[in-house]
Amino acid sequence: MKYQKTIGVIIIIGVICCSWIAGSNYFKPTPVKFLVPKGWPEPLYDFKSNPLTKEGIELGRQLFYDTRLSKDGTISCGTCHQQFGGFNTYDHSLSHGYNNSLTTRNAPGLFNLAWHKEFMWDGGISHLDLQPLAPITAENEMAESLQNVITKLQAEKEYRRLFKAAFGDEKISTQKLTKAISQFVLTLVSSNSKYDRVMRGVDTFILPEKLGYKIFKKKCVSCHTEPMFTDFSYRNIGMPLDPFLKDVGRMKITNEPSDSLKFKVPSLRNVMRSFPYGHDGRFFSVMTVMEHYRKNMVPDPRTDPLLQNRLPLSNFEIGQLTAFLHTLTDSSFLRNPNFAAPGKGVSTTAPVDIHN
Amino acid sequence: MTLHFQNQFGNEILVPEQSYLLNGDTLTIHRFKYYISHIQLIDEQGKKVKLPVQYYLIDAADSNSSMIQFNIPVGKYQSIQFLLGVDSTRNLSGVQSGELDPLHGMFWTWNSGYIMAKLEGSATSSQIAGKQFTYHIGGFRGNNNTTRVITLPFYVIDKCITIVADAKKWFDGPNELSISKEPICHSPGALAVRIANNYAYMFSILSK
């Protein structure tokens, strides 16, 4: 008798639990651990405020590649940030936005964003979660209002399901939208180039790469600091002001004349795949950047102290440096199917031409 | 206790799309919005009683937004203090919700930070397209900070206190602001700070 009662109670509890799990109140996304590559500093992104989950990342990926985030439904984040170029705008000095407009800057590659303190070439954006708001609402990018984006997505059954799976509630808000996008872009970690493998001791440089690394450590690391290949500072490298774009860089944010023409030091990871170069894409190739450093730059008193006498480089050094920069290409990152548009394989064909 | 923000232009009640006179100039106000937060009461001993931190967006076009209700501990208070604007922590902590949702159009996306207060309209003296003026005042860092701590003494303590917010003070506060010379302010900097030093004086308690 006693046993039967106990068993009965257990069964009842079991039934209640099952129906609760099956019911709509059950919410348990699958946590995903953010792996910090060996020897790298701790990330700056506050994962506690936005814990990574499988569902959140998947939703973010969907959003990243969804053209409905733009006013006319033609442009997604992925239109300007293309995987084969390390998520830059491949082969474009400036990116194309809504209604054939152009951005005023070159789209930087997107990777290792968890280590960035500030975003954009001028550091104007203080938090990764805030980043999507800028392209969504900019007239020369996606030209859409946040309210419209939310209304459009809320009307889709699939999105209501995805938001519920990721955040336990199908009501879409600015915060959930941006947190999901952050989750996806945070997973874009590039840490498996030949350089990384050499540092881990599982590969070796050939001679030109080795010599190039030596020269790099002498002439470039003070700004392009390992392992991120940027120290995230803002520097003026003597690029004269473009008379049409009139982009003064960091000074736009701080109003400090001493910050005139300073731009964030870009990472050089995947650099051989992310041409053109410079904040406005004025350098067509790495070779033109090298020519800038050794010859074409116009130093003025605000140019970085390290570059007051330009940066002497011999042809030989440029050759070796270029060989080294090739070792920063991370093919497994550029081809990772988890980062491609959902439902589609990674594009291995030549990049689409969005000029027409 | 209820705080009622009564928006005015000079001595007149401010109603969006209505016209007001300013030194011979005719102004039509389209938008008048500002953030209020960090409300505190100061008792007779000078002790500050903090209320739970909440952010309120007062919008002249939405009468519901102008009523703030909260419970206060019983006691005798001599003045009230609040922050006009949004503190730097909230400016730096990513995407916020509720009144601070960037959806409300009070956030700069290209130079992260809240617009603490905005005043938009048109004026006969304006020299730009549409005879407009738009003042979006923000900036929270160092010398560019445009939040202002406002302290107002109570004369009588009541269940409902009406605080007048006079938009005219943006123009005739301590710093002169001329629409014909400076019709636009859209970024943190010296002009925003000058206007903030004006709006610091726009509040007063309505005496009955």
# chains A, B, ... in the order shown; residues from 1 in each chain; ligands from 1
>>> interface_residues(of="chain A", to="chain B", cutoff="6 Å", atoms="only C-alpha atoms", output="ChimeraX atom specification")
/A:124-127,129-130,133-134,146,175
>>> select_by_dssp(residues="stretch 91-162 of chain B", states="strand (DSSP E)", output="list in words")
Phe107, Trp108, Gly113, Tyr114, Ile115, Met116, Ala117, Lys118, Leu119, Glu120, Gly121, Ser122, Ala123, Gln132, Phe133, Thr134, Tyr135, His136, Ile137, Gly138, Arg148, Val149, Ile150, Thr151, Leu152, Pro153, Cys160, Ile161 and Thr162 of chain B
>>> write_last_selection(atoms="N, CA and C atoms", output="compact mmCIF listing (two decimals), in the first residue's frame")
# COMPACT_ATOMS: atom_id res chain seq x y z
N PHE B 107 18.77 58.76 -29.33
CA PHE B 107 20.08 58.12 -29.24
C PHE B 107 20.85 58.36 -30.52
N TRP B 108 22.12 58.74 -30.37
CA TRP B 108 22.98 58.89 -31.54
C TRP B 108 23.66 57.58 -31.84
N GLY B 113 25.59 57.57 -27.70
CA GLY B 113 25.23 58.38 -26.57
C GLY B 113 23.82 58.91 -26.70
N TYR B 114 23.24 59.24 -25.55
CA TYR B 114 21.88 59.74 -25.55
C TYR B 114 21.81 61.20 -25.90
N ILE B 115 20.71 61.55 -26.55
CA ILE B 115 20.33 62.95 -26.69
C ILE B 115 19.59 63.25 -25.39
N MET B 116 20.13 64.14 -24.59
CA MET B 116 19.54 64.39 -23.28
C MET B 116 18.23 65.15 -23.43
N ALA B 117 18.23 66.06 -24.40
CA ALA B 117 17.04 66.89 -24.61
C ALA B 117 17.04 67.35 -26.05
N LYS B 118 15.85 67.48 -26.61
CA LYS B 118 15.80 68.03 -27.97
C LYS B 118 14.67 69.03 -28.12
N LEU B 119 14.95 70.04 -28.93
CA LEU B 119 13.97 71.08 -29.23
C LEU B 119 14.06 71.31 -30.74
N GLU B 120 12.93 71.11 -31.42
CA GLU B 120 12.93 71.28 -32.88
C GLU B 120 11.75 72.14 -33.27
N GLY B 121 11.94 72.89 -34.34
CA GLY B 121 10.82 73.70 -34.82
C GLY B 121 11.22 74.49 -36.03
N SER B 122 10.40 75.49 -36.35
CA SER B 122 10.77 76.39 -37.42
C SER B 122 10.62 77.82 -36.92
N ALA B 123 11.34 78.74 -37.54
CA ALA B 123 11.34 80.13 -37.07
C ALA B 123 11.53 81.05 -38.26
N GLN B 132 14.04 75.87 -40.55
CA GLN B 132 14.05 75.03 -39.36
C GLN B 132 15.09 75.42 -38.33
N PHE B 133 14.91 74.90 -37.16
CA PHE B 133 16.01 74.83 -36.19
C PHE B 133 15.89 73.47 -35.51
N THR B 134 17.00 72.81 -35.28
CA THR B 134 16.97 71.54 -34.54
C THR B 134 18.12 71.52 -33.56
N TYR B 135 17.76 71.39 -32.31
CA TYR B 135 18.77 71.31 -31.26
C TYR B 135 18.67 69.96 -30.59
N HIS B 136 19.62 69.09 -30.91
CA HIS B 136 19.71 67.79 -30.25
C HIS B 136 20.91 67.88 -29.32
N ILE B 137 20.64 67.90 -28.04
CA ILE B 137 21.72 68.17 -27.10
C ILE B 137 22.13 66.89 -26.39
N GLY B 138 23.39 66.53 -26.55
CA GLY B 138 23.91 65.33 -25.90
C GLY B 138 25.40 65.47 -25.68
N ARG B 148 22.54 67.84 -16.50
CA ARG B 148 22.60 68.90 -15.49
C ARG B 148 21.81 68.45 -14.27
N VAL B 149 22.40 68.69 -13.08
CA VAL B 149 21.69 68.38 -11.85
C VAL B 149 20.82 69.60 -11.52
N ILE B 150 19.54 69.34 -11.33
CA ILE B 150 18.61 70.44 -11.08
C ILE B 150 18.13 70.33 -9.63
N THR B 151 18.22 71.42 -8.89
CA THR B 151 17.71 71.43 -7.52
C THR B 151 16.65 72.52 -7.41
N LEU B 152 15.48 72.15 -6.92
CA LEU B 152 14.40 73.14 -6.80
C LEU B 152 13.85 73.11 -5.37
N PRO B 153 13.81 74.26 -4.71
CA PRO B 153 13.29 74.29 -3.35
C PRO B 153 11.75 74.18 -3.34
N CYS B 160 0.75 66.67 -5.26
CA CYS B 160 1.13 66.84 -6.66
C CYS B 160 1.92 68.14 -6.80
N ILE B 161 3.08 68.00 -7.36
CA ILE B 161 3.92 69.19 -7.53
C ILE B 161 4.11 69.45 -9.02
N THR B 162 3.86 70.67 -9.42
CA THR B 162 4.00 71.00 -10.84
C THR B 162 5.32 71.70 -11.08
>>> select_by_dssp(residues="stretch 45-133 of chain B", states="helix (DSSP H, G or I)", output="mmCIF file with N, CA and C atoms, in the first residue's frame")
data_model
loop_
_atom_site.group_PDB
_atom_site.id
_atom_site.type_symbol
_atom_site.label_atom_id
_atom_site.label_comp_id
_atom_site.auth_asym_id
_atom_site.auth_seq_id
_atom_site.Cartn_x
_atom_site.Cartn_y
_atom_site.Cartn_z
ATOM 1 N N SER B 63 0.880 63.760 -23.324
ATOM 2 C CA SER B 63 0.593 64.277 -21.978
ATOM 3 C C SER B 63 0.795 63.210 -20.902
ATOM 4 N N ASN B 64 0.655 61.931 -21.267
ATOM 5 C CA ASN B 64 0.886 60.889 -20.262
ATOM 6 C C ASN B 64 2.314 60.896 -19.753
ATOM 7 N N SER B 65 3.239 61.311 -20.636
ATOM 8 C CA SER B 65 4.647 61.247 -20.250
ATOM 9 C C SER B 65 5.004 62.297 -19.210
ATOM 10 N N SER B 66 4.139 63.309 -19.029
ATOM 11 C CA SER B 66 4.546 64.408 -18.157
ATOM 12 C C SER B 66 4.200 64.176 -16.692
ATOM 13 N N SER B 88 26.318 58.765 -17.424
ATOM 14 C CA SER B 88 27.285 58.185 -18.356
ATOM 15 C C SER B 88 27.253 56.658 -18.341
ATOM 16 N N THR B 89 26.963 56.047 -17.195
ATOM 17 C CA THR B 89 26.913 54.579 -17.157
ATOM 18 C C THR B 89 25.937 54.038 -18.196
ATOM 19 N N ARG B 90 24.740 54.603 -18.216
ATOM 20 C CA ARG B 90 23.733 54.118 -19.178
ATOM 21 C C ARG B 90 24.129 54.447 -20.610
ATOM 22 N N ASN B 91 24.934 55.475 -20.789
ATOM 23 C CA ASN B 91 25.392 55.809 -22.130
ATOM 24 C C ASN B 91 26.380 54.775 -22.647
ATOM 25 N N GLY B 98 12.966 49.941 -22.351
ATOM 26 C CA GLY B 98 12.028 50.884 -21.731
ATOM 27 C C GLY B 98 12.186 52.282 -22.293
ATOM 28 N N GLU B 99 12.173 53.272 -21.394
ATOM 29 C CA GLU B 99 12.267 54.667 -21.836
ATOM 30 C C GLU B 99 13.590 54.948 -22.545
ATOM 31 N N LEU B 100 14.592 54.098 -22.245
ATOM 32 C CA LEU B 100 15.913 54.330 -22.834
ATOM 33 C C LEU B 100 16.123 53.555 -24.133
ATOM 34 N N PRO B 102 16.646 52.800 -27.761
ATOM 35 C CA PRO B 102 17.059 53.709 -28.841
ATOM 36 C C PRO B 102 15.940 53.971 -29.867
ATOM 37 N N LEU B 103 14.941 53.141 -29.820
ATOM 38 C CA LEU B 103 13.755 53.295 -30.647
ATOM 39 C C LEU B 103 13.092 54.669 -30.510
ATOM 40 N N HIS B 104 13.259 55.302 -29.348
ATOM 41 C CA HIS B 104 12.587 56.581 -29.121
ATOM 42 C C HIS B 104 13.248 57.750 -29.843
ATOM 43 N N ALA B 129 17.070 75.507 -44.909
ATOM 44 C CA ALA B 129 15.931 74.906 -45.596
ATOM 45 C C ALA B 129 14.787 74.649 -44.636
ATOM 46 N N GLY B 130 13.581 74.984 -45.063
ATOM 47 C CA GLY B 130 12.396 74.748 -44.254
ATOM 48 C C GLY B 130 12.308 75.681 -43.060
ATOM 49 N N LYS B 131 13.179 76.703 -43.013
ATOM 50 C CA LYS B 131 13.188 77.668 -41.896
ATOM 51 C C LYS B 131 13.272 76.935 -40.556
#
>>> residues_around(residues="stretch 76-86 of chain B", least_positions_apart="6", cutoff="10 Å", atoms="only C-alpha atoms", output="PyMOL selection string")
chain B and resi 34-50+55-57+100+113-117+137-140+145-157+196+199-200+203+205
>>> residues_around(residues="A:Arg273", least_positions_apart="4", cutoff="10 Å", atoms="only C-alpha atoms", output="list in words")
Phe84, Gly85, Gly86, Phe87, Asn88, Tyr90, Asp91, Gly109, Arg269, His326, Leu328, Thr329, Asp330, Ser331 and Leu334 of chain A
>>> write_last_selection(atoms="N, CA and C atoms", output="PDB file, in the first residue's frame")
ATOM      1  N   PHE A  84      34.126  35.878 -47.645  1.00  0.00           N
ATOM      2  CA  PHE A  84      35.389  35.581 -48.343  1.00  0.00           C
ATOM      3  C   PHE A  84      36.413  36.695 -48.212  1.00  0.00           C
ATOM      4  N   GLY A  85      35.989  37.877 -47.812  1.00  0.00           N
ATOM      5  CA  GLY A  85      36.938  38.966 -47.587  1.00  0.00           C
ATOM      6  C   GLY A  85      37.153  39.197 -46.102  1.00  0.00           C
ATOM      7  N   GLY A  86      36.921  38.183 -45.278  1.00  0.00           N
ATOM      8  CA  GLY A  86      37.054  38.370 -43.833  1.00  0.00           C
ATOM      9  C   GLY A  86      35.950  39.290 -43.325  1.00  0.00           C
ATOM     10  N   PHE A  87      34.804  39.252 -44.003  1.00  0.00           N
ATOM     11  CA  PHE A  87      33.650  40.081 -43.654  1.00  0.00           C
ATOM     12  C   PHE A  87      33.883  41.568 -43.888  1.00  0.00           C
ATOM     13  N   ASN A  88      34.713  41.891 -44.877  1.00  0.00           N
ATOM     14  CA  ASN A  88      34.803  43.295 -45.300  1.00  0.00           C
ATOM     15  C   ASN A  88      33.963  43.417 -46.581  1.00  0.00           C
ATOM     16  N   TYR A  90      34.422  43.258 -50.107  1.00  0.00           N
ATOM     17  CA  TYR A  90      35.461  42.820 -51.002  1.00  0.00           C
ATOM     18  C   TYR A  90      35.521  43.722 -52.222  1.00  0.00           C
ATOM     19  N   ASP A  91      36.725  44.142 -52.590  1.00  0.00           N
ATOM     20  CA  ASP A  91      36.940  44.862 -53.828  1.00  0.00           C
ATOM     21  C   ASP A  91      36.200  46.209 -53.910  1.00  0.00           C
ATOM     22  N   GLY A 109      36.883  44.407 -41.910  1.00  0.00           N
ATOM     23  CA  GLY A 109      36.556  43.004 -41.690  1.00  0.00           C
ATOM     24  C   GLY A 109      35.950  42.841 -40.311  1.00  0.00           C
ATOM     25  N   ARG A 269      44.989  40.702 -39.616  1.00  0.00           N
ATOM     26  CA  ARG A 269      44.578  39.318 -39.889  1.00  0.00           C
ATOM     27  C   ARG A 269      43.744  39.302 -41.177  1.00  0.00           C
ATOM     28  N   HIS A 326      50.953  37.114 -45.699  1.00  0.00           N
ATOM     29  CA  HIS A 326      50.198  35.967 -46.224  1.00  0.00           C
ATOM     30  C   HIS A 326      49.921  34.920 -45.149  1.00  0.00           C
ATOM     31  N   LEU A 328      48.914  35.383 -42.329  1.00  0.00           N
ATOM     32  CA  LEU A 328      47.816  35.811 -41.452  1.00  0.00           C
ATOM     33  C   LEU A 328      46.453  35.462 -42.034  1.00  0.00           C
ATOM     34  N   THR A 329      46.454  34.846 -43.221  1.00  0.00           N
ATOM     35  CA  THR A 329      45.185  34.438 -43.837  1.00  0.00           C
ATOM     36  C   THR A 329      44.701  33.160 -43.160  1.00  0.00           C
ATOM     37  N   ASP A 330      43.463  33.212 -42.698  1.00  0.00           N
ATOM     38  CA  ASP A 330      42.902  32.083 -41.954  1.00  0.00           C
ATOM     39  C   ASP A 330      41.818  31.433 -42.819  1.00  0.00           C
ATOM     40  N   SER A 331      42.230  30.476 -43.647  1.00  0.00           N
ATOM     41  CA  SER A 331      41.263  29.889 -44.597  1.00  0.00           C
ATOM     42  C   SER A 331      40.132  29.166 -43.898  1.00  0.00           C
ATOM     43  N   LEU A 334      37.652  31.790 -43.220  1.00  0.00           N
ATOM     44  CA  LEU A 334      37.007  32.324 -44.424  1.00  0.00           C
ATOM     45  C   LEU A 334      36.046  31.317 -45.054  1.00  0.00           C
TER      46      LEU A 334
END
>>> residues_around(residues="stretch 234-245 of chain A", least_positions_apart="6", cutoff="6 Å", atoms="only C-alpha atoms", output="MDAnalysis selection string")
chainID A and resid 261:264 297:299 303:304
>>> write_last_selection(atoms="all heavy atoms", output="PDB file, in the first residue's frame")
ATOM      1  N   LEU A 261      42.534  63.403 -38.172  1.00  0.00           N
ATOM      2  CA  LEU A 261      43.036  62.381 -39.092  1.00  0.00           C
ATOM      3  C   LEU A 261      43.570  61.129 -38.394  1.00  0.00           C
ATOM      4  O   LEU A 261      44.357  60.377 -38.960  1.00  0.00           O
ATOM      5  CB  LEU A 261      44.099  62.955 -40.038  1.00  0.00           C
ATOM      6  CG  LEU A 261      43.602  64.077 -40.959  1.00  0.00           C
ATOM      7  CD1 LEU A 261      44.736  64.614 -41.816  1.00  0.00           C
ATOM      8  CD2 LEU A 261      42.479  63.576 -41.864  1.00  0.00           C
ATOM      9  N   LYS A 262      43.130  60.933 -37.157  1.00  0.00           N
ATOM     10  CA  LYS A 262      43.477  59.671 -36.493  1.00  0.00           C
ATOM     11  C   LYS A 262      42.372  58.660 -36.762  1.00  0.00           C
ATOM     12  O   LYS A 262      41.192  58.981 -36.677  1.00  0.00           O
ATOM     13  CB  LYS A 262      43.582  59.869 -34.981  1.00  0.00           C
ATOM     14  CG  LYS A 262      44.888  60.483 -34.547  1.00  0.00           C
ATOM     15  CD  LYS A 262      45.017  60.415 -33.034  1.00  0.00           C
ATOM     16  CE  LYS A 262      46.272  61.139 -32.583  1.00  0.00           C
ATOM     17  NZ  LYS A 262      46.284  61.353 -31.136  1.00  0.00           N
ATOM     18  N   PHE A 263      42.797  57.430 -37.070  1.00  0.00           N
ATOM     19  CA  PHE A 263      41.852  56.340 -37.306  1.00  0.00           C
ATOM     20  C   PHE A 263      42.314  55.124 -36.522  1.00  0.00           C
ATOM     21  O   PHE A 263      43.494  55.008 -36.188  1.00  0.00           O
ATOM     22  CB  PHE A 263      41.762  56.022 -38.801  1.00  0.00           C
ATOM     23  CG  PHE A 263      41.124  57.135 -39.590  1.00  0.00           C
ATOM     24  CD1 PHE A 263      41.892  58.184 -40.090  1.00  0.00           C
ATOM     25  CD2 PHE A 263      39.758  57.154 -39.790  1.00  0.00           C
ATOM     26  CE1 PHE A 263      41.302  59.236 -40.780  1.00  0.00           C
ATOM     27  CE2 PHE A 263      39.152  58.192 -40.492  1.00  0.00           C
ATOM     28  CZ  PHE A 263      39.926  59.236 -40.990  1.00  0.00           C
ATOM     29  N   LYS A 264      41.365  54.247 -36.258  1.00  0.00           N
ATOM     30  CA  LYS A 264      41.691  53.049 -35.476  1.00  0.00           C
ATOM     31  C   LYS A 264      42.656  52.172 -36.263  1.00  0.00           C
ATOM     32  O   LYS A 264      42.456  51.940 -37.446  1.00  0.00           O
ATOM     33  CB  LYS A 264      40.410  52.280 -35.160  1.00  0.00           C
ATOM     34  CG  LYS A 264      40.624  51.164 -34.147  1.00  0.00           C
ATOM     35  CD  LYS A 264      39.323  50.707 -33.521  1.00  0.00           C
ATOM     36  CE  LYS A 264      38.535  49.820 -34.454  1.00  0.00           C
ATOM     37  NZ  LYS A 264      37.250  49.404 -33.871  1.00  0.00           N
ATOM     38  N   MET A 297      53.583  59.154 -47.850  1.00  0.00           N
ATOM     39  CA  MET A 297      52.865  59.790 -46.740  1.00  0.00           C
ATOM     40  C   MET A 297      53.281  61.239 -46.579  1.00  0.00           C
ATOM     41  O   MET A 297      54.368  61.647 -46.981  1.00  0.00           O
ATOM     42  CB  MET A 297      53.037  58.996 -45.445  1.00  0.00           C
ATOM     43  CG  MET A 297      54.291  59.252 -44.686  1.00  0.00           C
ATOM     44  SD  MET A 297      54.187  58.610 -43.002  1.00  0.00           S
ATOM     45  CE  MET A 297      53.954  56.887 -43.262  1.00  0.00           C
ATOM     46  N   VAL A 298      52.342  62.028 -46.026  1.00  0.00           N
ATOM     47  CA  VAL A 298      52.591  63.450 -45.832  1.00  0.00           C
ATOM     48  C   VAL A 298      52.596  63.717 -44.328  1.00  0.00           C
ATOM     49  O   VAL A 298      51.558  64.024 -43.750  1.00  0.00           O
ATOM     50  CB  VAL A 298      51.485  64.293 -46.519  1.00  0.00           C
ATOM     51  CG1 VAL A 298      51.853  65.759 -46.527  1.00  0.00           C
ATOM     52  CG2 VAL A 298      51.220  63.786 -47.939  1.00  0.00           C
ATOM     53  N   PRO A 299      53.766  63.547 -43.695  1.00  0.00           N
ATOM     54  CA  PRO A 299      53.774  63.719 -42.238  1.00  0.00           C
ATOM     55  C   PRO A 299      53.565  65.184 -41.876  1.00  0.00           C
ATOM     56  O   PRO A 299      54.063  66.068 -42.561  1.00  0.00           O
ATOM     57  CB  PRO A 299      55.180  63.266 -41.821  1.00  0.00           C
ATOM     58  CG  PRO A 299      55.813  62.671 -43.032  1.00  0.00           C
ATOM     59  CD  PRO A 299      55.103  63.244 -44.216  1.00  0.00           C
ATOM     60  N   THR A 303      51.015  63.839 -37.155  1.00  0.00           N
ATOM     61  CA  THR A 303      51.275  62.455 -37.559  1.00  0.00           C
ATOM     62  C   THR A 303      51.974  61.729 -36.414  1.00  0.00           C
ATOM     63  O   THR A 303      52.696  62.344 -35.626  1.00  0.00           O
ATOM     64  CB  THR A 303      52.131  62.448 -38.839  1.00  0.00           C
ATOM     65  OG1 THR A 303      51.408  63.146 -39.839  1.00  0.00           O
ATOM     66  CG2 THR A 303      52.419  61.035 -39.316  1.00  0.00           C
ATOM     67  N   ASP A 304      51.742  60.442 -36.319  1.00  0.00           N
ATOM     68  CA  ASP A 304      52.285  59.660 -35.221  1.00  0.00           C
ATOM     69  C   ASP A 304      53.799  59.844 -35.089  1.00  0.00           C
ATOM     70  O   ASP A 304      54.519  59.824 -36.084  1.00  0.00           O
ATOM     71  CB  ASP A 304      51.971  58.183 -35.466  1.00  0.00           C
ATOM     72  CG  ASP A 304      52.010  57.409 -34.183  1.00  0.00           C
ATOM     73  OD1 ASP A 304      53.110  56.948 -33.804  1.00  0.00           O
ATOM     74  OD2 ASP A 304      50.952  57.302 -33.539  1.00  0.00           O
TER      75      ASP A 304
END
>>> residues_around(residues="stretch 186-195 of chain A", least_positions_apart="4", cutoff="8 Å", atoms="only C-alpha atoms", output="JSON, numbers by chain")
{"A": [34, 37, 57, 110, 111, 112, 113, 114, 182, 199, 203, 205, 269, 327, 328, 329, 330, 331, 332, 333, 339]}
>>> residues_around(residues="stretch 212-229 of chain A", least_positions_apart="3", cutoff="7 Å", atoms="only C-alpha atoms", output="number ranges by chain")
A: 40, 208-209, 265, 267-269, 320-321, 323-324
>>> closest_residue(among="B:Trp170, B:Phe32, B:Ser178, B:Ser19", to="B:Gln6", atoms="only C-alpha atoms")
B:Phe32
>>> closest_residue(among="B:Met106, B:Glu176, B:Phe9, B:Asp59", to="B:Leu22", atoms="only C-alpha atoms")
B:Phe9
>>> atom_distance(atom1="atom CA of A:Gly249", atom2="atom CA of A:Tyr45")
24.0 Å
>>> closest_residue(among="A:Ser93, A:Thr151, A:Thr254, A:Ser145", to="A:Phe284", atoms="only C-alpha atoms")
A:Ser93
